[in-house]
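Take a look at the structure set out below.
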Amino acid sequence: MTARHLDGPVIGLDLGGTKIAAALVGAGGTVLARHTLPTPATRGAGVVLDTMAEAARAVWAPGTTAVGVAAAGVIDPVTGTVTSATDTIRGWAGTGLAAGLAGRTGLPVACDNDVRAAAATELDGPDDDGTLIYAAVGTGVGGAVAAAGRMLHGAAGIAGHLGHLPSPEADGLPCTCGATGHLEAIAAGPAITAHCARLGGRPADRLQTVAERAAQGDPYATEAITLGARATGRALGGLANALGPHRVVVAGGVPRIGALYWDALCTAFAAELMPPLRALRPRHPRGGADAAVLGAAALPHTLPLHQPETTGAPS
């Protein structure tokens, strides 16, 4: 889509399962104000929209032109709706995200998936014609794909959901989407933690505990981490053969647990590559903690704007 010029600052909202981050973003990506609220994930979509509007009002300033929303779930930017979602946020699937928030804030709203918005910060502006694969491995496994410098959205906004690629390592394991055998079921943080216990290790409450045990030589923790890493590396390597990317970025909390994970992922990735791609290696994201809100604030410049005085029809 053609970029549009907005004269004033934009509010960027990053909606996750645990928190809502808001930022007022000015020219050149300068963050002018910030605010964070916990996500009322168990109280229904209406309460979530109310809380998002509250976070937006906390950073609003005179001259604010629009709101960009980077949200969990499968987001269709054209209709402004959540077309599919897990139960991380209760009742989120089917929500009229753009229309609901436009009505609550009085500002035009553009929306997209949170990982896709963050991935856009890896592109080098309108002249970037490269192909990018971006994976986010954390509580779930998300992703995004850009071709010729443009994010792919696909039917109903579903493009890039890498966590739902079939994975031999996850054979028979239930996925959060309701299917079985998907990458997320073995590679996400909670999945690695659960697999450690299945292998015979002591139950753990979080991935960091598993990582600490692996650092101390625990064989169950080591195997669970490396299996999740190998599954992710293999899936990304196969996808690289299909798409021929110039860059592969792996973000999220899981890759930050240490070299054991990262080395296993990179080794598995490299083993899958066809000869023309042999020099390609995954890399960490270059954006910092603000990547999601900055990506959200960029959305109104390129995606359909849903106006508050309409029923959600984009402009």
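By convention in this document, the chains of the structure tokens carry letters A, B, ... by their order, each chain's residues are numbered from 1, and ligands are numbered from 1 in the order they are shown.
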
Spatial neighbours of Ala72 (chain A), max dist 8 Å, only C-alpha atoms, sep filter under 2 positions, as a PDB file with all heavy atoms, in the first residue's frame:
```
ATOM      1  N   LEU A  15      -0.729  -4.794  22.185  1.00  0.00           N
ATOM      2  CA  LEU A  15      -1.583  -5.620  23.033  1.00  0.00           C
ATOM      3  C   LEU A  15      -1.066  -7.048  23.078  1.00  0.00           C
ATOM      4  O   LEU A  15      -1.018  -7.743  22.065  1.00  0.00           O
ATOM      5  CB  LEU A  15      -3.023  -5.625  22.494  1.00  0.00           C
ATOM      6  CG  LEU A  15      -3.961  -6.644  23.139  1.00  0.00           C
ATOM      7  CD1 LEU A  15      -4.223  -6.304  24.600  1.00  0.00           C
ATOM      8  CD2 LEU A  15      -5.247  -6.766  22.358  1.00  0.00           C
ATOM      9  N   GLY A  16      -0.690  -7.481  24.276  1.00  0.00           N
ATOM     10  CA  GLY A  16      -0.292  -8.854  24.500  1.00  0.00           C
ATOM     11  C   GLY A  16      -1.178  -9.504  25.540  1.00  0.00           C
ATOM     12  O   GLY A  16      -2.095  -8.875  26.082  1.00  0.00           O
ATOM     13  N   GLY A  17      -0.897 -10.741  25.862  1.00  0.00           N
ATOM     14  CA  GLY A  17      -1.718 -11.459  26.823  1.00  0.00           C
ATOM     15  C   GLY A  17      -1.567 -10.982  28.250  1.00  0.00           C
ATOM     16  O   GLY A  17      -2.461 -11.210  29.079  1.00  0.00           O
ATOM     17  N   ALA A  70      -0.935  -2.975  17.409  1.00  0.00           N
ATOM     18  CA  ALA A  70      -0.281  -4.256  17.157  1.00  0.00           C
ATOM     19  C   ALA A  70      -0.843  -5.229  18.184  1.00  0.00           C
ATOM     20  O   ALA A  70      -0.579  -5.096  19.378  1.00  0.00           O
ATOM     21  CB  ALA A  70       1.230  -4.122  17.299  1.00  0.00           C
ATOM     22  N   VAL A  74      -4.886 -13.403  14.999  1.00  0.00           N
ATOM     23  CA  VAL A  74      -4.875 -13.220  13.549  1.00  0.00           C
ATOM     24  C   VAL A  74      -5.710 -11.985  13.258  1.00  0.00           C
ATOM     25  O   VAL A  74      -6.923 -11.972  13.497  1.00  0.00           O
ATOM     26  CB  VAL A  74      -5.450 -14.445  12.817  1.00  0.00           C
ATOM     27  CG1 VAL A  74      -5.394 -14.231  11.310  1.00  0.00           C
ATOM     28  CG2 VAL A  74      -4.680 -15.707  13.201  1.00  0.00           C
ATOM     29  N   ILE A  75      -5.072 -10.938  12.767  1.00  0.00           N
ATOM     30  CA  ILE A  75      -5.722  -9.652  12.556  1.00  0.00           C
ATOM     31  C   ILE A  75      -5.837  -9.380  11.061  1.00  0.00           C
ATOM     32  O   ILE A  75      -4.851  -9.468  10.334  1.00  0.00           O
ATOM     33  CB  ILE A  75      -4.921  -8.507  13.218  1.00  0.00           C
ATOM     34  CG1 ILE A  75      -4.550  -8.854  14.666  1.00  0.00           C
ATOM     35  CG2 ILE A  75      -5.700  -7.197  13.134  1.00  0.00           C
ATOM     36  CD1 ILE A  75      -5.724  -9.049  15.582  1.00  0.00           C
ATOM     37  N   ALA A  85      -8.091 -16.403  17.204  1.00  0.00           N
ATOM     38  CA  ALA A  85      -7.237 -16.167  18.371  1.00  0.00           C
ATOM     39  C   ALA A  85      -7.337 -17.360  19.306  1.00  0.00           C
ATOM     40  O   ALA A  85      -8.324 -18.103  19.293  1.00  0.00           O
ATOM     41  CB  ALA A  85      -7.648 -14.890  19.101  1.00  0.00           C
ATOM     42  N   ASN A 113      -1.396  -7.681  13.224  1.00  0.00           N
ATOM     43  CA  ASN A 113      -0.822  -8.626  14.176  1.00  0.00           C
ATOM     44  C   ASN A 113       0.418  -8.051  14.830  1.00  0.00           C
ATOM     45  O   ASN A 113       1.203  -7.341  14.200  1.00  0.00           O
ATOM     46  CB  ASN A 113      -0.495  -9.930  13.440  1.00  0.00           C
ATOM     47  CG  ASN A 113       0.326 -10.888  14.257  1.00  0.00           C
ATOM     48  OD1 ASN A 113       1.545 -10.941  14.089  1.00  0.00           O
ATOM     49  ND2 ASN A 113      -0.300 -11.622  15.136  1.00  0.00           N
ATOM     50  N   ASP A 114       0.636  -8.356  16.116  1.00  0.00           N
ATOM     51  CA  ASP A 114       1.742  -7.755  16.859  1.00  0.00           C
ATOM     52  C   ASP A 114       3.112  -8.151  16.322  1.00  0.00           C
ATOM     53  O   ASP A 114       4.015  -7.301  16.216  1.00  0.00           O
ATOM     54  CB  ASP A 114       1.642  -8.066  18.356  1.00  0.00           C
ATOM     55  CG  ASP A 114       1.476  -9.556  18.658  1.00  0.00           C
ATOM     56  OD1 ASP A 114       1.328 -10.364  17.711  1.00  0.00           O
ATOM     57  OD2 ASP A 114       1.461  -9.902  19.850  1.00  0.00           O
ATOM     58  N   VAL A 115       3.271  -9.404  15.946  1.00  0.00           N
ATOM     59  CA  VAL A 115       4.580  -9.838  15.435  1.00  0.00           C
ATOM     60  C   VAL A 115       4.861  -9.205  14.078  1.00  0.00           C
ATOM     61  O   VAL A 115       5.986  -8.786  13.792  1.00  0.00           O
ATOM     62  CB  VAL A 115       4.640 -11.374  15.343  1.00  0.00           C
ATOM     63  CG1 VAL A 115       5.977 -11.832  14.749  1.00  0.00           C
ATOM     64  CG2 VAL A 115       4.448 -11.992  16.719  1.00  0.00           C
TER      65      VAL A 115
END
```

Discussion item. What parts of region 41-138 of chain A does DSSP call helix (DSSP H, G or I)? I'd like the answer as a PyMOL selection string.
Written reply: chain A and resi 45-59+97-105+114-120

Store the residues of this selection in a file with N, CA and C atoms, as a CSV table (one decimal), in the first residue's frame.
```
chain,number,residue,atom,x,y,z
A,45,ALA,N,-13.6,-9.2,25.6
A,45,ALA,CA,-13.1,-8.3,24.6
A,45,ALA,C,-13.5,-6.8,24.9
A,46,GLY,N,-14.7,-6.6,25.4
A,46,GLY,CA,-15.1,-5.2,25.6
A,46,GLY,C,-14.2,-4.5,26.7
A,47,VAL,N,-13.9,-5.3,27.7
A,47,VAL,CA,-13.1,-4.7,28.8
A,47,VAL,C,-11.6,-4.5,28.3
A,48,VAL,N,-11.2,-5.4,27.4
A,48,VAL,CA,-9.8,-5.2,26.8
A,48,VAL,C,-9.8,-3.9,26.0
A,49,LEU,N,-10.8,-3.7,25.2
A,49,LEU,CA,-10.9,-2.5,24.3
A,49,LEU,C,-11.0,-1.3,25.2
A,50,ASP,N,-11.7,-1.3,26.3
A,50,ASP,CA,-11.8,-0.2,27.2
A,50,ASP,C,-10.4,0.1,27.8
A,51,THR,N,-9.7,-0.9,28.2
A,51,THR,CA,-8.4,-0.7,28.8
A,51,THR,C,-7.4,-0.2,27.7
A,52,MET,N,-7.5,-0.6,26.5
A,52,MET,CA,-6.6,-0.1,25.4
A,52,MET,C,-6.9,1.4,25.2
A,53,ALA,N,-8.2,1.8,25.2
A,53,ALA,CA,-8.5,3.2,25.1
A,53,ALA,C,-8.0,4.0,26.3
A,54,GLU,N,-8.1,3.4,27.5
A,54,GLU,CA,-7.5,4.1,28.6
A,54,GLU,C,-6.0,4.3,28.5
A,55,ALA,N,-5.3,3.3,28.0
A,55,ALA,CA,-3.8,3.4,27.8
A,55,ALA,C,-3.6,4.5,26.7
A,56,ALA,N,-4.4,4.5,25.7
A,56,ALA,CA,-4.2,5.5,24.6
A,56,ALA,C,-4.4,6.9,25.2
A,57,ARG,N,-5.4,7.1,26.0
A,57,ARG,CA,-5.7,8.5,26.5
A,57,ARG,C,-4.6,8.9,27.4
A,58,ALA,N,-3.9,8.0,28.1
A,58,ALA,CA,-2.8,8.3,29.0
A,58,ALA,C,-1.6,9.0,28.3
A,59,VAL,N,-1.4,8.7,27.0
A,59,VAL,CA,-0.3,9.2,26.2
A,59,VAL,C,-0.7,10.3,25.2
A,97,LEU,N,-11.9,-5.0,16.3
A,97,LEU,CA,-10.8,-4.2,17.0
A,97,LEU,C,-10.8,-2.8,16.5
A,98,ALA,N,-10.7,-2.5,15.2
A,98,ALA,CA,-10.5,-1.2,14.8
A,98,ALA,C,-11.7,-0.3,15.0
A,99,ALA,N,-12.9,-0.8,14.7
A,99,ALA,CA,-14.1,0.0,15.0
A,99,ALA,C,-14.3,0.2,16.4
A,100,GLY,N,-14.1,-0.8,17.3
A,100,GLY,CA,-14.3,-0.6,18.7
A,100,GLY,C,-13.4,0.4,19.3
A,101,LEU,N,-12.1,0.4,18.9
A,101,LEU,CA,-11.2,1.3,19.4
A,101,LEU,C,-11.3,2.7,18.9
A,102,ALA,N,-11.7,2.8,17.6
A,102,ALA,CA,-11.9,4.1,17.0
A,102,ALA,C,-13.1,4.8,17.7
A,103,GLY,N,-14.1,4.0,18.0
A,103,GLY,CA,-15.3,4.6,18.7
A,103,GLY,C,-14.9,5.1,20.1
A,104,ARG,N,-14.0,4.4,20.8
A,104,ARG,CA,-13.7,4.7,22.1
A,104,ARG,C,-12.7,5.9,22.2
A,105,THR,N,-11.8,6.0,21.2
A,105,THR,CA,-10.8,7.1,21.2
A,105,THR,C,-11.2,8.3,20.4
A,114,ASP,N,0.6,-8.4,16.1
A,114,ASP,CA,1.7,-7.8,16.9
A,114,ASP,C,3.1,-8.2,16.3
A,115,VAL,N,3.3,-9.4,15.9
A,115,VAL,CA,4.6,-9.8,15.4
A,115,VAL,C,4.9,-9.2,14.1
A,116,ARG,N,3.8,-9.1,13.2
A,116,ARG,CA,4.0,-8.5,11.9
A,116,ARG,C,4.4,-7.0,12.1
A,117,ALA,N,3.8,-6.3,13.0
A,117,ALA,CA,4.2,-4.9,13.2
A,117,ALA,C,5.6,-4.8,13.7
A,118,ALA,N,6.0,-5.6,14.6
A,118,ALA,CA,7.4,-5.6,15.1
A,118,ALA,C,8.4,-5.9,14.0
A,119,ALA,N,8.0,-6.9,13.1
A,119,ALA,CA,8.9,-7.3,12.0
A,119,ALA,C,9.1,-6.2,11.1
A,120,ALA,N,8.1,-5.3,10.9
A,120,ALA,CA,8.3,-4.2,9.9
A,120,ALA,C,9.4,-3.3,10.3
```

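Candidate residues A:Ser167, A:Ala224, A:Gly178, A:Val250 were compared for distance to Ala194 (chain A), and the nearest is A:Ala224, using only C-alpha atoms.
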
Worksheet item: Using only C-alpha atoms, which residue out of A:Val10, A:Ile186, A:Ile192, A:Ala159 lies closest to Ile257 (chain A)?
Response: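 Using only C-alpha atoms, the shortest distance to Ile257 (chain A) belongs to A:Ile192.
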
Item to complete: Tell me which protein, DNA and RNA residues are within 8 Å of region 227-237 of chain A, counting only C-alpha atoms, leaving out same-chain ones fewer than 2 positions away, and put them as a count of residues only.
Response: 27

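Counting from CA of Gly8 (chain A), the distance to CA of Val31 (chain A) is 12.9 Å.
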
Practice prompt. Using only C-alpha atoms, pick whichever of A:Gly96, A:Pro62, A:Gly288, A:Gly91 has the shortest atom-to-atom distance to Thr79 (chain A).
Written response: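 Of A:Gly96, A:Pro62, A:Gly288, A:Gly91, the one nearest Thr79 (chain A) is A:Gly96, counting only C-alpha atoms.
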
Discussion item. Please compute the CA of Cys111 (chain A)-CA of Thr180 (chain A) distance, one decimal, in Å.
Written reply: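 Between CA of Cys111 (chain A) and CA of Thr180 (chain A) the gap is 29.2 Å.
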